[in-house]
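Visitor: Below: one structure in structure tokens.
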Amino acid sequence: MEECYDGLGRNHIREDGRFFNPWSHEAENLVFEYAFPGLQLLKFFKFKRAEDQINPDATSPEVLDIHLPVTKLNKHEYSERIRDGLLCCWLGHATCLVSFDGITLLTDPALGERRFHKRLRDVPCAVSELPEVDIVVISHNHFDHLDLKTVKQLNNTSPKIYWYVGLGLAKWFFQIGCKNVIELDWWEEHKFSDNITVVFTPSQHWSKRTAFDTNRTLWGSWVIKGPRHNFFHAGDTGYCQTFAEIGRKFGPFDFAAIPIGAYEPRDLHRLQHVNPTEAVKIHNDIRSKNSIGIHWGTFPLGKEPFLEPPRKLREACITEPVRGHFFTMNIGEIFDVLS
């Protein structure tokens, strides 16, 4: 049996300062394959998405407008609906706008284009059209979760934002002019206000933004605790034992954002991206009452059919015992979680 660690203390930091996933030897070595971009690209492009060959129009704007429509976000409508509930708007990929207990937060801000992956669904709003944001949480530094242009625009429009990041990432934010940057290790907490606490919790992933910074910044998930409600953002992750521990420490959760896409081919993605069945396990582990599936329907990152994740999620919710509700939303849709 492999030796396991609990992710506490500094046992997820190597002597050279690089971070790693500590719960198994396999997870610990996850990053080596991705430290060499050529190998990653060759392995990825060896697989062809079946729907691209059988039905090349499956991801055309006309088809996606029917099956994954984009609703333009009306910030005035959103603000009017906040009141005392728990409101969410999925902005695409891993970017969610969530409001509860007097705060509005944004997860993994990426409202721009990616260099190597075309955005197949438009954003539902410009940064300037967002309601006032108090908190932004960053799961890790990959470009599809941390967009430079989006961050700069947010910083210009809302300079009082508090930015929550993992160890090693604050420097990047300070260099582009952000203030109020809170850098945390796994399991560390910060009091945003008297009644709002933000906690950085583990996930199973890796970090890289340049050719020379592999795993120099820490990835993770986020817990935001209010006096009446709480929220969990899983970020980007493979399945691991840490979610049960998060559930024990902080659950149950009123609402969670859990990734369900970019999971094929499995031999390439299984350690870094959960599939819908594993996403349901996370939902159950953290004891979420309501979860939304994210990390799909925006960029063509995996080799599964582009619109497959929601269908696989529905199937997984039938075969796996599910506590509460686990569902998907259309981009730009506003959902009152507790109504």
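Residue names in the structure tokens use chain letters A, B, ... in the order shown, residue numbers from 1 in each chain, and ligand numbers from 1 in the order shown.
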Taking a cut-off of 12 Å and counting only C-alpha atoms, can you build a table that, for each residue of region 49-153 of chain A near region 157-169 of chain A, reports the nearest atom pair and how far apart they are in Å (one decimal), sorted by chain then residue number, as a Markdown table?

Guide:
```
| residue | atom | partner | partner_atom | distance |
| --- | --- | --- | --- | --- |
| A:Ile103 | CA | A:Ile161 | CA | 11.1 |
| A:Thr104 | CA | A:Ile161 | CA | 10.2 |
| A:Leu105 | CA | A:Ile161 | CA | 9.2 |
| A:Leu106 | CA | A:Trp163 | CA | 9.7 |
| A:Thr107 | CA | A:Tyr164 | CA | 9.8 |
| A:Asp108 | CA | A:Val165 | CA | 10.1 |
| A:Pro109 | CA | A:Trp163 | CA | 10.8 |
| A:Ala126 | CA | A:Thr157 | CA | 11.3 |
| A:Val127 | CA | A:Thr157 | CA | 8.1 |
| A:Ser128 | CA | A:Thr157 | CA | 6.8 |
| A:Glu129 | CA | A:Thr157 | CA | 9.9 |
| A:Leu130 | CA | A:Thr157 | CA | 9.6 |
| A:Pro131 | CA | A:Ser158 | CA | 9.8 |
| A:Glu132 | CA | A:Ser158 | CA | 7.1 |
| A:Val133 | CA | A:Ile161 | CA | 6.5 |
| A:Asp134 | CA | A:Ile161 | CA | 5.0 |
| A:Ile135 | CA | A:Tyr162 | CA | 4.9 |
| A:Val136 | CA | A:Trp163 | CA | 5.0 |
| A:Val137 | CA | A:Tyr164 | CA | 4.8 |
| A:Ile138 | CA | A:Val165 | CA | 5.3 |
| A:Ser139 | CA | A:Val165 | CA | 7.1 |
| A:His140 | CA | A:Gly166 | CA | 7.2 |
| A:Asn141 | CA | A:Leu169 | CA | 7.7 |
| A:His142 | CA | A:Leu169 | CA | 11.5 |
| A:His145 | CA | A:Val165 | CA | 11.9 |
| A:Leu146 | CA | A:Val165 | CA | 10.7 |
| A:Thr150 | CA | A:Thr157 | CA | 10.6 |
| A:Val151 | CA | A:Trp163 | CA | 9.8 |
| A:Lys152 | CA | A:Thr157 | CA | 8.7 |
| A:Gln153 | CA | A:Thr157 | CA | 6.2 |
```

Visitor: Go through A:Ile176, A:Val223, A:Val31, A:Ile318 one by one, measure the shortest atom-to-atom distance of each to Lys249 (chain A) using only C-alpha atoms, and give the residue with the smallest value.

Guide: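 Of A:Ile176, A:Val223, A:Val31, A:Ile318, the one nearest Lys249 (chain A) is A:Val223, counting only C-alpha atoms.
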
Visitor: Return the single residue from A:Asn11, A:Asn284, A:Asn195, A:Thr95 that is closest to Asp236 (chain A), with distances computed using only C-alpha atoms.

Guide: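 Smallest separation from Asp236 (chain A) among the options: A:Thr95.
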
Visitor: Going by DSSP on the backbone, which bits of region 157-274 of chain A are strand (DSSP E or B)? Write them as number ranges by chain, please.

Guide: A: 162-166, 181-184, 189-191, 197-201, 204, 221-225, 230-233, 238, 253, 255-259
